[in-house]
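Structure file entry_11.cif (mmCIF, C-alpha atoms) follows.
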```cif
data_my_file
#
loop_
_atom_site.label_atom_id
_atom_site.label_comp_id
_atom_site.auth_asym_id
_atom_site.auth_seq_id
_atom_site.Cartn_x
_atom_site.Cartn_y
_atom_site.Cartn_z
CA MET A 1 -29.83 -21.46 -13.79
CA ILE A 2 -27.08 -19.54 -12.05
CA GLY A 3 -27.65 -15.84 -11.47
CA VAL A 4 -25.04 -13.12 -11.45
CA SER A 5 -21.76 -14.46 -10.11
CA ARG A 6 -20.50 -13.35 -6.71
CA ILE A 7 -16.92 -14.37 -7.36
CA ILE A 8 -14.06 -11.94 -7.69
CA VAL A 9 -10.93 -13.73 -8.85
CA ALA A 10 -7.66 -12.52 -7.30
CA LEU A 11 -4.95 -12.52 -9.95
CA ASP A 12 -2.22 -13.13 -7.38
CA SER A 13 0.80 -13.55 -9.59
CA GLU A 14 4.05 -14.97 -8.29
CA ARG A 15 7.57 -14.43 -9.49
CA GLY A 16 8.16 -16.50 -12.61
CA ASP A 17 4.52 -16.66 -13.72
CA LYS A 18 4.12 -15.74 -17.36
CA LEU A 19 1.58 -13.07 -18.24
CA SER A 20 -0.06 -15.54 -20.64
CA LEU A 21 -1.16 -17.65 -17.64
CA TRP A 22 -3.22 -14.73 -16.37
CA LEU A 23 -4.47 -13.59 -19.76
CA ASN A 24 -5.76 -17.12 -20.41
CA LEU A 25 -7.48 -17.15 -17.02
CA VAL A 26 -9.13 -13.77 -17.55
CA ASP A 27 -10.24 -14.82 -21.01
CA SER A 28 -11.66 -18.17 -19.94
CA LEU A 29 -13.36 -16.91 -16.76
CA CYS A 30 -14.74 -13.67 -18.24
CA GLY A 31 -18.52 -13.62 -17.87
CA ARG A 32 -18.48 -16.52 -15.40
CA VAL A 33 -17.29 -14.33 -12.52
CA ALA A 34 -18.20 -10.88 -11.23
CA GLY A 35 -14.73 -9.49 -11.69
CA PHE A 36 -11.01 -9.67 -11.21
CA LYS A 37 -8.71 -8.18 -8.62
CA PHE A 38 -5.01 -7.60 -9.12
CA GLY A 39 -2.38 -6.34 -6.73
CA LEU A 40 1.08 -4.88 -6.64
CA PRO A 41 2.89 -8.08 -7.73
CA PHE A 42 0.81 -8.19 -10.92
CA LEU A 43 1.45 -4.52 -11.67
CA LEU A 44 5.18 -4.73 -10.99
CA GLN A 45 5.59 -7.93 -12.98
CA TYR A 46 3.60 -7.06 -16.06
CA GLY A 47 3.41 -3.28 -15.90
CA LEU A 48 0.68 -1.11 -17.34
CA ASP A 49 0.93 -3.09 -20.60
CA GLY A 50 -0.02 -6.30 -18.80
CA LEU A 51 -2.95 -4.58 -17.12
CA ARG A 52 -4.11 -3.09 -20.43
CA ALA A 53 -3.88 -6.49 -22.14
CA SER A 54 -5.98 -8.14 -19.39
CA ARG A 55 -8.55 -5.41 -19.50
CA LEU A 56 -8.94 -5.64 -23.26
CA LEU A 57 -9.95 -9.29 -22.87
CA CYS A 58 -12.86 -8.76 -20.50
CA ASP A 59 -15.15 -5.98 -19.34
CA ASN A 60 -16.03 -7.56 -16.01
CA MET A 61 -15.21 -5.40 -12.97
CA PHE A 62 -11.46 -4.84 -12.57
CA ILE A 63 -10.34 -3.97 -9.07
CA ALA A 64 -6.88 -2.57 -8.29
CA ASP A 65 -6.11 -4.00 -4.88
CA LEU A 66 -3.19 -1.75 -4.03
CA LYS A 67 -4.24 -1.46 -0.35
CA LEU A 68 -3.56 2.26 -0.69
CA ALA A 69 -2.56 3.82 2.63
CA ASP A 70 -0.70 7.01 1.85
CA ILE A 71 -1.22 10.76 1.90
CA ALA A 72 -3.78 11.99 -0.64
CA PRO A 73 -1.45 13.35 -3.34
CA ILE A 74 0.39 10.04 -3.59
CA MET A 75 -2.82 7.99 -3.70
CA VAL A 76 -4.32 10.30 -6.34
CA ASN A 77 -1.16 10.20 -8.46
CA THR A 78 -1.10 6.42 -8.21
CA VAL A 79 -4.70 6.00 -9.32
CA SER A 80 -4.30 8.51 -12.16
CA LEU A 81 -1.75 6.20 -13.76
CA ILE A 82 -4.05 3.15 -13.90
CA SER A 83 -7.52 4.72 -13.94
CA ASP A 84 -8.12 3.93 -17.62
CA TYR A 85 -8.02 0.21 -16.87
CA ILE A 86 -9.92 -0.18 -13.61
CA ASP A 87 -13.45 0.07 -12.25
CA ALA A 88 -12.57 0.13 -8.57
CA ILE A 89 -9.65 0.55 -6.21
CA ILE A 90 -9.01 -0.71 -2.68
CA ALA A 91 -7.65 1.58 0.03
CA HIS A 92 -7.22 1.17 3.79
CA GLY A 93 -9.76 2.75 6.13
CA PHE A 94 -6.89 3.03 8.55
CA THR A 95 -5.43 5.82 6.43
CA GLY A 96 -7.96 8.27 7.83
CA PHE A 97 -10.06 11.01 6.30
CA ARG A 98 -8.53 14.48 6.08
CA GLY A 99 -5.66 14.71 3.59
CA GLY A 100 -6.17 11.00 2.97
CA LEU A 101 -9.36 9.24 1.87
CA ASP A 102 -11.32 12.50 1.53
CA ARG A 103 -9.38 13.69 -1.47
CA LEU A 104 -8.96 10.20 -2.89
CA LYS A 105 -12.77 9.78 -2.88
CA GLU A 106 -13.31 13.19 -4.51
CA TYR A 107 -10.86 12.27 -7.23
CA LEU A 108 -12.37 8.81 -7.78
CA ASP A 109 -15.86 10.31 -8.02
CA SER A 110 -14.62 12.73 -10.67
CA ILE A 111 -13.35 9.87 -12.85
CA SER A 112 -16.16 7.40 -12.00
CA VAL A 113 -13.94 4.81 -10.32
CA LYS A 114 -15.41 3.04 -7.29
CA LEU A 115 -13.71 3.15 -3.90
CA ILE A 116 -13.54 0.01 -1.76
CA VAL A 117 -12.25 0.47 1.78
CA VAL A 118 -10.61 -2.20 3.92
CA ALA A 119 -12.44 -2.51 7.23
CA SER A 120 -10.59 -5.65 8.37
CA MET A 121 -8.13 -8.13 6.87
CA SER A 122 -7.99 -11.90 6.55
CA HIS A 123 -4.68 -12.65 8.32
CA PRO A 124 -4.33 -13.16 12.11
CA GLY A 125 -2.24 -9.96 12.40
CA SER A 126 -5.39 -7.99 11.61
CA MET A 127 -6.39 -8.63 15.23
CA ASP A 128 -3.34 -6.70 16.53
CA VAL A 129 -4.32 -3.17 15.55
CA ILE A 130 -6.99 -3.15 12.84
CA ASP A 131 -9.77 -5.09 14.55
CA PRO A 132 -9.47 -3.29 17.91
CA SER A 133 -9.74 -0.04 15.89
CA LEU A 134 -12.80 -1.12 13.92
CA ASP A 135 -15.09 1.52 15.46
CA ARG A 136 -12.71 4.29 14.47
CA ILE A 137 -12.22 2.77 11.01
CA MET A 138 -16.02 2.65 10.61
CA ASP A 139 -16.21 6.34 11.53
CA VAL A 140 -13.79 7.05 8.68
CA ILE A 141 -15.77 4.81 6.32
CA LEU A 142 -19.05 6.58 7.12
CA LYS A 143 -17.42 9.92 6.28
CA VAL A 144 -15.84 8.59 3.08
CA ASN A 145 -19.00 6.85 1.87
CA PRO A 146 -17.31 4.28 -0.39
CA TRP A 147 -18.97 1.87 -2.79
CA GLY A 148 -17.74 -1.16 -0.90
CA LEU A 149 -15.90 -2.59 2.09
CA VAL A 150 -13.43 -5.42 2.54
CA ALA A 151 -14.06 -7.74 5.49
CA PRO A 152 -12.58 -11.22 5.90
CA ALA A 153 -14.33 -14.54 5.40
CA THR A 154 -11.78 -15.92 7.89
CA ARG A 155 -13.54 -13.96 10.67
CA PRO A 156 -17.15 -14.01 9.49
CA GLU A 157 -18.41 -12.37 12.69
CA ILE A 158 -16.95 -9.11 11.36
CA ILE A 159 -18.95 -9.42 8.14
CA SER A 160 -22.09 -10.18 10.13
CA MET A 161 -21.48 -7.22 12.40
CA LEU A 162 -21.00 -4.85 9.42
CA ARG A 163 -24.10 -6.25 7.73
CA SER A 164 -26.15 -5.89 10.89
CA ARG A 165 -25.51 -2.15 10.89
CA GLY A 166 -27.73 -1.84 7.82
CA LEU A 167 -25.02 -0.16 5.76
CA LYS A 168 -25.61 0.11 2.04
CA TYR A 169 -22.01 -0.66 1.11
CA LYS A 170 -21.15 -3.80 -0.82
CA ILE A 171 -19.04 -6.20 1.25
CA LEU A 172 -16.19 -8.08 -0.43
CA SER A 173 -14.71 -10.95 1.55
CA PRO A 174 -11.21 -12.36 1.01
CA GLY A 175 -9.55 -15.25 2.81
CA ILE A 176 -11.29 -18.08 0.98
CA GLY A 177 -9.35 -21.19 -0.02
CA VAL A 178 -5.68 -21.30 0.96
CA GLN A 179 -6.27 -18.90 3.86
CA GLY A 180 -8.78 -21.19 5.49
CA ALA A 181 -12.32 -20.00 4.81
CA LYS A 182 -14.52 -22.06 2.48
CA PRO A 183 -16.40 -20.87 -0.58
CA GLY A 184 -19.77 -19.72 0.68
CA ASP A 185 -18.49 -18.65 4.12
CA GLY A 186 -18.46 -15.00 3.06
CA LEU A 187 -21.91 -14.96 1.48
CA ARG A 188 -23.46 -16.88 4.38
CA SER A 189 -22.23 -14.16 6.74
CA GLY A 190 -23.70 -11.39 4.62
CA ALA A 191 -20.98 -10.53 2.10
CA ASP A 192 -21.95 -9.59 -1.47
CA TYR A 193 -18.82 -10.95 -3.10
CA GLU A 194 -16.16 -13.53 -2.30
CA ILE A 195 -12.61 -12.82 -3.35
CA ILE A 196 -10.96 -16.09 -4.30
CA GLY A 197 -7.42 -16.46 -5.60
CA ARG A 198 -5.21 -19.52 -5.64
CA PHE A 199 -8.14 -21.88 -4.94
CA ILE A 200 -9.35 -21.00 -8.44
CA THR A 201 -6.28 -19.78 -10.29
CA ARG A 202 -4.02 -22.71 -9.34
CA ALA A 203 -6.71 -25.36 -9.82
CA PRO A 204 -6.25 -27.88 -12.65
CA ASN A 205 -9.55 -26.70 -14.11
CA PRO A 206 -10.44 -23.16 -12.95
CA ILE A 207 -13.67 -23.07 -14.97
CA GLU A 208 -15.01 -26.15 -13.17
CA VAL A 209 -14.14 -24.65 -9.79
CA VAL A 210 -15.83 -21.37 -10.68
CA ASP A 211 -18.97 -23.10 -11.95
CA SER A 212 -19.21 -25.20 -8.82
CA ILE A 213 -18.76 -22.17 -6.52
CA ASN A 214 -21.33 -20.20 -8.52
CA LEU A 215 -23.79 -23.05 -8.02
CA GLU A 216 -23.12 -23.18 -4.29
CA HIS A 217 -23.47 -19.41 -4.07
CA SER A 218 -26.81 -19.45 -5.86
CA MET A 219 -28.09 -22.06 -3.42
CA ILE A 220 -26.95 -19.94 -0.47
CA LEU A 221 -28.63 -16.88 -1.93
CA GLU A 222 -31.85 -18.82 -2.49
CA GLY A 223 -31.67 -19.93 1.12
CA LYS A 224 -31.20 -23.60 0.32
CA ASN A 225 -27.80 -23.97 1.90
CA MET B 1 32.61 20.78 6.82
CA ILE B 2 29.27 19.03 6.59
CA GLY B 3 29.07 15.50 8.00
CA VAL B 4 26.93 12.68 6.72
CA SER B 5 23.71 14.00 5.22
CA ARG B 6 20.40 13.36 6.99
CA ILE B 7 18.29 14.05 3.92
CA ILE B 8 16.27 11.42 2.12
CA VAL B 9 14.89 12.79 -1.12
CA ALA B 10 11.37 11.65 -2.04
CA LEU B 11 11.20 11.05 -5.78
CA ASP B 12 7.49 11.88 -5.88
CA SER B 13 6.82 11.74 -9.59
CA GLU B 14 3.65 13.14 -11.09
CA ARG B 15 1.86 12.19 -14.26
CA GLY B 16 3.66 13.68 -17.25
CA ASP B 17 7.11 13.88 -15.57
CA LYS B 18 9.81 12.42 -17.76
CA LEU B 19 12.10 9.80 -16.22
CA SER B 20 15.09 11.95 -17.21
CA LEU B 21 13.98 14.59 -14.68
CA TRP B 22 14.44 12.04 -11.89
CA LEU B 23 17.58 10.47 -13.29
CA ASN B 24 19.18 13.92 -13.44
CA LEU B 25 18.13 14.60 -9.86
CA VAL B 26 19.49 11.30 -8.56
CA ASP B 27 22.72 11.84 -10.45
CA SER B 28 23.25 15.41 -9.27
CA LEU B 29 22.25 14.79 -5.62
CA CYS B 30 24.05 11.46 -5.22
CA GLY B 31 26.56 11.70 -2.40
CA ARG B 32 25.05 14.97 -1.11
CA VAL B 33 22.08 13.19 0.48
CA ALA B 34 21.63 10.05 2.59
CA GLY B 35 19.33 8.39 0.12
CA PHE B 36 16.29 8.41 -2.09
CA LYS B 37 12.76 7.23 -1.57
CA PHE B 38 10.36 6.32 -4.35
CA GLY B 39 6.72 5.31 -4.22
CA LEU B 40 4.04 3.64 -6.28
CA PRO B 41 3.67 6.51 -8.79
CA PHE B 42 7.37 6.23 -9.67
CA LEU B 43 7.18 2.45 -10.06
CA LEU B 44 4.00 2.52 -12.14
CA GLN B 45 5.25 5.32 -14.36
CA TYR B 46 8.75 4.09 -15.07
CA GLY B 47 8.52 0.41 -14.22
CA LEU B 48 11.39 -1.76 -13.04
CA ASP B 49 13.53 -0.36 -15.85
CA GLY B 50 13.21 3.15 -14.44
CA LEU B 51 14.10 1.92 -10.98
CA ARG B 52 17.10 0.00 -12.30
CA ALA B 53 18.32 3.06 -14.23
CA SER B 54 18.09 5.25 -11.11
CA ARG B 55 19.86 2.71 -8.98
CA LEU B 56 22.72 2.36 -11.44
CA LEU B 57 23.43 6.08 -11.07
CA CYS B 58 23.92 6.11 -7.31
CA ASP B 59 24.58 3.72 -4.47
CA ASN B 60 23.07 5.88 -1.74
CA MET B 61 20.29 4.20 0.20
CA PHE B 62 17.23 3.46 -1.99
CA ILE B 63 13.97 3.10 -0.10
CA ALA B 64 10.83 1.63 -1.67
CA ASP B 65 8.03 3.53 0.01
CA LEU B 66 5.18 1.26 -0.99
CA LYS B 67 3.42 1.65 2.39
CA LEU B 68 2.92 -2.12 2.31
CA ALA B 69 -0.16 -3.17 4.25
CA ASP B 70 -1.21 -6.55 2.95
CA ILE B 71 -1.10 -10.21 3.94
CA ALA B 72 2.42 -11.67 4.06
CA PRO B 73 2.47 -13.60 0.75
CA ILE B 74 1.49 -10.48 -1.21
CA MET B 75 4.06 -8.30 0.57
CA VAL B 76 6.80 -10.89 0.07
CA ASN B 77 5.94 -11.34 -3.62
CA THR B 78 5.97 -7.58 -4.08
CA VAL B 79 9.38 -7.13 -2.49
CA SER B 80 10.87 -10.08 -4.37
CA LEU B 81 10.24 -8.22 -7.64
CA ILE B 82 12.22 -5.11 -6.67
CA SER B 83 14.67 -6.42 -4.08
CA ASP B 84 17.66 -6.19 -6.42
CA TYR B 85 17.33 -2.42 -6.56
CA ILE B 86 16.52 -1.40 -3.02
CA ASP B 87 18.15 -1.19 0.41
CA ALA B 88 14.99 -0.71 2.45
CA ILE B 89 11.24 -0.92 2.21
CA ILE B 90 8.45 0.84 4.10
CA ALA B 91 5.46 -1.07 5.48
CA HIS B 92 2.61 -0.07 7.79
CA GLY B 93 2.76 -1.06 11.46
CA PHE B 94 -1.02 -1.31 11.57
CA THR B 95 -0.80 -4.35 9.26
CA GLY B 96 -0.05 -6.40 12.36
CA PHE B 97 2.36 -9.20 13.13
CA ARG B 98 1.16 -12.75 12.49
CA GLY B 99 0.74 -13.54 8.79
CA GLY B 100 1.78 -9.95 8.09
CA LEU B 101 4.96 -8.20 9.19
CA ASP B 102 6.41 -11.33 10.82
CA ARG B 103 6.98 -13.12 7.55
CA LEU B 104 7.85 -9.93 5.68
CA LYS B 105 10.64 -9.28 8.20
CA GLU B 106 11.93 -12.86 7.96
CA TYR B 107 12.07 -12.56 4.20
CA LEU B 108 13.76 -9.15 4.28
CA ASP B 109 16.37 -10.43 6.73
CA SER B 110 17.12 -13.31 4.39
CA ILE B 111 17.85 -10.95 1.51
CA SER B 112 19.48 -8.19 3.61
CA VAL B 113 16.88 -5.52 2.89
CA LYS B 114 16.01 -3.18 5.77
CA LEU B 115 12.46 -2.86 7.05
CA ILE B 116 11.09 0.57 7.95
CA VAL B 117 7.70 0.61 9.67
CA VAL B 118 5.23 3.49 9.66
CA ALA B 119 4.34 4.44 13.22
CA SER B 120 2.42 7.59 12.28
CA MET B 121 1.80 9.64 9.13
CA SER B 122 2.12 13.31 8.19
CA HIS B 123 -1.44 14.12 7.09
CA PRO B 124 -4.23 15.20 9.49
CA GLY B 125 -6.16 11.97 8.77
CA SER B 126 -3.45 10.10 10.68
CA MET B 127 -5.14 11.36 13.84
CA ASP B 128 -8.37 9.47 13.00
CA VAL B 129 -7.19 5.89 13.56
CA ILE B 130 -3.40 5.64 13.45
CA ASP B 131 -2.43 8.01 16.25
CA PRO B 132 -5.06 6.74 18.72
CA SER B 133 -3.70 3.23 17.98
CA LEU B 134 -0.06 4.17 18.48
CA ASP B 135 0.41 1.97 21.56
CA ARG B 136 -0.83 -1.08 19.67
CA ILE B 137 1.24 -0.16 16.62
CA MET B 138 4.30 0.14 18.89
CA ASP B 139 3.59 -3.34 20.29
CA VAL B 140 3.72 -4.67 16.74
CA ILE B 141 6.90 -2.71 16.02
CA LEU B 142 8.64 -4.11 19.11
CA LYS B 143 7.82 -7.64 17.94
CA VAL B 144 8.91 -6.95 14.36
CA ASN B 145 12.14 -5.22 15.37
CA PRO B 146 12.62 -3.17 12.19
CA TRP B 147 15.62 -1.07 11.21
CA GLY B 148 13.64 2.14 11.24
CA LEU B 149 10.36 3.91 11.89
CA VAL B 150 8.44 6.62 10.08
CA ALA B 151 7.03 9.42 12.23
CA PRO B 152 5.89 12.81 10.95
CA ALA B 153 7.72 16.13 11.26
CA THR B 154 4.26 17.72 11.08
CA ARG B 155 3.52 16.37 14.58
CA PRO B 156 6.97 16.45 16.18
CA GLU B 157 5.60 15.43 19.59
CA ILE B 158 5.23 11.91 18.18
CA ILE B 159 8.90 11.82 17.18
CA SER B 160 9.91 13.10 20.63
CA MET B 161 7.71 10.50 22.30
CA LEU B 162 9.23 7.67 20.24
CA ARG B 163 12.73 8.98 20.91
CA SER B 164 12.05 9.26 24.63
CA ARG B 165 11.35 5.53 24.78
CA GLY B 166 15.01 4.88 24.16
CA LEU B 167 14.35 2.71 21.13
CA LYS B 168 17.28 1.86 18.91
CA TYR B 169 15.34 2.25 15.67
CA LYS B 170 16.22 4.97 13.19
CA ILE B 171 13.45 7.53 12.85
CA LEU B 172 12.63 8.94 9.41
CA SER B 173 10.38 11.99 9.35
CA PRO B 174 8.31 13.07 6.35
CA GLY B 175 6.04 16.10 6.03
CA ILE B 176 8.74 18.70 5.44
CA GLY B 177 8.20 21.48 2.91
CA VAL B 178 4.86 21.53 1.10
CA GLN B 179 3.16 19.67 3.96
CA GLY B 180 4.04 22.34 6.48
CA ALA B 181 7.02 21.29 8.60
CA LYS B 182 10.34 23.08 8.08
CA PRO B 183 13.71 21.51 7.35
CA GLY B 184 15.24 20.81 10.73
CA ASP B 185 11.90 20.24 12.50
CA GLY B 186 12.35 16.47 12.32
CA LEU B 187 15.95 16.39 13.54
CA ARG B 188 15.23 18.85 16.35
CA SER B 189 12.55 16.47 17.65
CA GLY B 190 14.90 13.50 17.58
CA ALA B 191 14.56 12.06 14.06
CA ASP B 192 17.63 10.63 12.33
CA TYR B 193 16.55 11.50 8.80
CA GLU B 194 14.24 14.00 7.16
CA ILE B 195 12.31 12.88 4.10
CA ILE B 196 11.94 15.86 1.78
CA GLY B 197 10.27 15.78 -1.62
CA ARG B 198 8.89 18.62 -3.66
CA PHE B 199 10.69 21.25 -1.54
CA ILE B 200 13.91 19.91 -3.08
CA THR B 201 12.84 18.20 -6.29
CA ARG B 202 10.73 21.09 -7.63
CA ALA B 203 13.20 23.80 -6.57
CA PRO B 204 14.95 25.80 -9.31
CA ASN B 205 18.28 24.62 -7.91
CA PRO B 206 17.92 21.38 -5.92
CA ILE B 207 21.66 21.18 -5.14
CA GLU B 208 21.61 24.59 -3.45
CA VAL B 209 18.57 23.61 -1.37
CA VAL B 210 20.20 20.33 -0.34
CA ASP B 211 23.47 22.05 0.61
CA SER B 212 21.65 24.63 2.68
CA ILE B 213 19.57 22.00 4.52
CA ASN B 214 22.67 19.88 5.15
CA LEU B 215 24.31 22.94 6.70
CA GLU B 216 21.30 23.63 8.90
CA HIS B 217 21.14 19.97 9.91
CA SER B 218 24.81 19.93 10.89
CA MET B 219 24.26 22.98 13.10
CA ILE B 220 21.28 21.30 14.76
CA LEU B 221 23.31 18.15 15.37
CA GLU B 222 26.16 20.19 16.83
CA GLY B 223 23.63 21.86 19.12
CA LYS B 224 24.08 25.32 17.64
CA ASN B 225 20.55 25.71 16.35
#
```

Turn this file's structure into structure tokens for me.
Amino acid sequence: MIGVSRIIVALDSERGDKLSLWLNLVDSLCGRVAGFKFGLPFLLQYGLDGLRASRLLCDNMFIADLKLADIAPIMVNTVSLISDYIDAIIAHGFTGFRGGLDRLKEYLDSISVKLIVVASMSHPGSMDVIDPSLDRIMDVILKVNPWGLVAPATRPEIISMLRSRGLKYKILSPGIGVQGAKPGDGLRSGADYEIIGRFITRAPNPIEVVDSINLEHSMILEGKN
Amino acid sequence: MIGVSRIIVALDSERGDKLSLWLNLVDSLCGRVAGFKFGLPFLLQYGLDGLRASRLLCDNMFIADLKLADIAPIMVNTVSLISDYIDAIIAHGFTGFRGGLDRLKEYLDSISVKLIVVASMSHPGSMDVIDPSLDRIMDVILKVNPWGLVAPATRPEIISMLRSRGLKYKILSPGIGVQGAKPGDGLRSGADYEIIGRFITRAPNPIEVVDSINLEHSMILEGKN
């Protein structure tokens, strides 16, 4: 028996992909995963109609991973245009509080959309500016009080460090599969969810991959792995 | 006689705005300004069709201000979807180099689209993490070697500091008008362009406002103001 899934599937569309590819994926994985995450390429390619169509297929958590990092009025305007179709949105902690994440959070609270804040990223370039600024980013996060954080499975020591602070925020960890981390690496370090894209979406049989990761996750969570 | 304009008009659309409002603005201001900048709200509201329609009206510089801050494949995919309609794109310096801005810059060079990197932002929250990290962000910028930088007219000392380093990059300064800085504040501090949104776009007569700012700018550049 597999419990609640800890997988968030990244719908990382590439130029040329048909919307039907993603609609089929959402339809077939709905209920087997915790949720779906889409980014700017998906929104630009398929527009609000594509997002609406995906959402109608599945009521799992939908996360808009726009990596928002702008002044508050722009972030609020952006979210207002997609808020009917999402449960959560990802913004950068780097953006800062006043005139930035403060007003975004207020707005999101008013429309019951969750805020997820990037603490650190999965690519090596995250070590240039973001990781050395992690203490300052955490100060912003504590003020913002989001629902969740993003921290990379590619550098699990960051997840462990965040978890060790006893914070109540959910931790979502990207970087699994093509980027180098393995399924389970995020959860083992203390993450609540693993964000997995191409490793699932470009697999010959995505359902099989999801089922097998869910099984591995449940063993990790039961302490057997 | 007014020389080349230093104004970049921010097409900051809000929910409910009709596309025709922006098409009329682009049409009437074309040739009187240096260029136009649009963000996520514009793209989500009007889609690629709206962007294409704007672009067809005017061949001034079009800047996609998406504040990109993601891993390289996502940034590259995003740009590939709009590259036919833009001359430049804005990304965050804090994203870092390896697996981030390095590959974005390579891709942009290959399609002759300019990269503009955010050094600092116009809202107070920029002082939380971004400004204290400016030295590290500048290290990234020097490696990336972009066409231009963004630095805020609301904190002109940052523009002056960047200018004093003798860097060849163009400096674009937002924050003028509603955000508190005055037209001319950016240029006086050493910026090459001033990004101005609502102060122009929501004015009863945007052409008059643009003409008057162009005049003031030309006096500043001739050292008379």

Chain B near chain A within 6 Å: what's each residue's closest atom pair and its distance in Å to one decimal, counting all atoms listed in the file, ordered by chain then ascending residue number, as a Markdown table?
```
| residue | atom | partner | partner_atom | distance |
| --- | --- | --- | --- | --- |
| B:Pro41 | CA | A:Thr78 | CA | 4.8 |
| B:Thr78 | CA | A:Pro41 | CA | 4.8 |
| B:Phe94 | CA | A:Val129 | CA | 5.5 |
| B:Gly96 | CA | A:Gly125 | CA | 4.2 |
| B:Phe97 | CA | A:Gly125 | CA | 4.7 |
| B:Arg98 | CA | A:Gly125 | CA | 4.4 |
| B:Gly99 | CA | A:His123 | CA | 5.5 |
| B:Gly100 | CA | A:Gly125 | CA | 5.9 |
| B:His123 | CA | A:Gly99 | CA | 5.5 |
| B:Pro124 | CA | A:Arg98 | CA | 5.5 |
| B:Gly125 | CA | A:Gly96 | CA | 4.2 |
| B:Ser126 | CA | A:Gly96 | CA | 5.6 |
| B:Asp128 | CA | A:Gly96 | CA | 5.3 |
| B:Val129 | CA | A:Phe94 | CA | 5.8 |
| B:Arg136 | CA | A:Val129 | CA | 5.8 |
```

- request: For the structure shown, which residues end up in the PyMOL selection byres ((chain B and resi 28-30) around 10)? Put them as a VMD selection string, please?
  value: chain B and resid 9 22 to 27 31 to 36 57 to 61 206 to 207 210 to 211

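Going from CA of Pro152 (chain B) over to CA of Val144 (chain A), you cover 23.5 Å.
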
- prompt: Exactly which residues make up the result of the PyMOL selection byres ((chain B and resi 197) around 8) on this file, given as a PyMOL selection string?
  reply: chain B and resi 9-12+176-177+195-196+198-201

- prompt: Which residues, written as a PyMOL selection string, have at least one atom at most 10 Å from Ser83 (chain A), with all atoms listed in the file counted and residues fewer than 4 positions away on the same chain left out?
  reply: chain A and resi 64+76+78-79+87-89+108+111-113

task: Would you work out the distance separating CA of Glu208 (chain B) from CA of Ile220 (chain B), expressed in Å to one decimal?
output: 18.5 Å

query: Written as a PyMOL selection string, what is the full residue list that the PyMOL selection byres ((chain B and resi 153) around 12) yields on the file shown?
result: chain B and resi 120-123+150-152+154-160+171-196

Written file, previous selection with C-alpha atoms, as a PDB file, in the frame of the given file:
```pdb
ATOM      1  CA  SER B 120       2.420   7.590  12.280  1.00  0.00           C
ATOM      2  CA  MET B 121       1.800   9.640   9.130  1.00  0.00           C
ATOM      3  CA  SER B 122       2.120  13.310   8.190  1.00  0.00           C
ATOM      4  CA  HIS B 123      -1.440  14.120   7.090  1.00  0.00           C
ATOM      5  CA  VAL B 150       8.440   6.620  10.080  1.00  0.00           C
ATOM      6  CA  ALA B 151       7.030   9.420  12.230  1.00  0.00           C
ATOM      7  CA  PRO B 152       5.890  12.810  10.950  1.00  0.00           C
ATOM      8  CA  THR B 154       4.260  17.720  11.080  1.00  0.00           C
ATOM      9  CA  ARG B 155       3.520  16.370  14.580  1.00  0.00           C
ATOM     10  CA  PRO B 156       6.970  16.450  16.180  1.00  0.00           C
ATOM     11  CA  GLU B 157       5.600  15.430  19.590  1.00  0.00           C
ATOM     12  CA  ILE B 158       5.230  11.910  18.180  1.00  0.00           C
ATOM     13  CA  ILE B 159       8.900  11.820  17.180  1.00  0.00           C
ATOM     14  CA  SER B 160       9.910  13.100  20.630  1.00  0.00           C
ATOM     15  CA  ILE B 171      13.450   7.530  12.850  1.00  0.00           C
ATOM     16  CA  LEU B 172      12.630   8.940   9.410  1.00  0.00           C
ATOM     17  CA  SER B 173      10.380  11.990   9.350  1.00  0.00           C
ATOM     18  CA  PRO B 174       8.310  13.070   6.350  1.00  0.00           C
ATOM     19  CA  GLY B 175       6.040  16.100   6.030  1.00  0.00           C
ATOM     20  CA  ILE B 176       8.740  18.700   5.440  1.00  0.00           C
ATOM     21  CA  GLY B 177       8.200  21.480   2.910  1.00  0.00           C
ATOM     22  CA  VAL B 178       4.860  21.530   1.100  1.00  0.00           C
ATOM     23  CA  GLN B 179       3.160  19.670   3.960  1.00  0.00           C
ATOM     24  CA  GLY B 180       4.040  22.340   6.480  1.00  0.00           C
ATOM     25  CA  ALA B 181       7.020  21.290   8.600  1.00  0.00           C
ATOM     26  CA  LYS B 182      10.340  23.080   8.080  1.00  0.00           C
ATOM     27  CA  PRO B 183      13.710  21.510   7.350  1.00  0.00           C
ATOM     28  CA  GLY B 184      15.240  20.810  10.730  1.00  0.00           C
ATOM     29  CA  ASP B 185      11.900  20.240  12.500  1.00  0.00           C
ATOM     30  CA  GLY B 186      12.350  16.470  12.320  1.00  0.00           C
ATOM     31  CA  LEU B 187      15.950  16.390  13.540  1.00  0.00           C
ATOM     32  CA  ARG B 188      15.230  18.850  16.350  1.00  0.00           C
ATOM     33  CA  SER B 189      12.550  16.470  17.650  1.00  0.00           C
ATOM     34  CA  GLY B 190      14.900  13.500  17.580  1.00  0.00           C
ATOM     35  CA  ALA B 191      14.560  12.060  14.060  1.00  0.00           C
ATOM     36  CA  ASP B 192      17.630  10.630  12.330  1.00  0.00           C
ATOM     37  CA  TYR B 193      16.550  11.500   8.800  1.00  0.00           C
ATOM     38  CA  GLU B 194      14.240  14.000   7.160  1.00  0.00           C
ATOM     39  CA  ILE B 195      12.310  12.880   4.100  1.00  0.00           C
ATOM     40  CA  ILE B 196      11.940  15.860   1.780  1.00  0.00           C
TER      41      ILE B 196
END
```
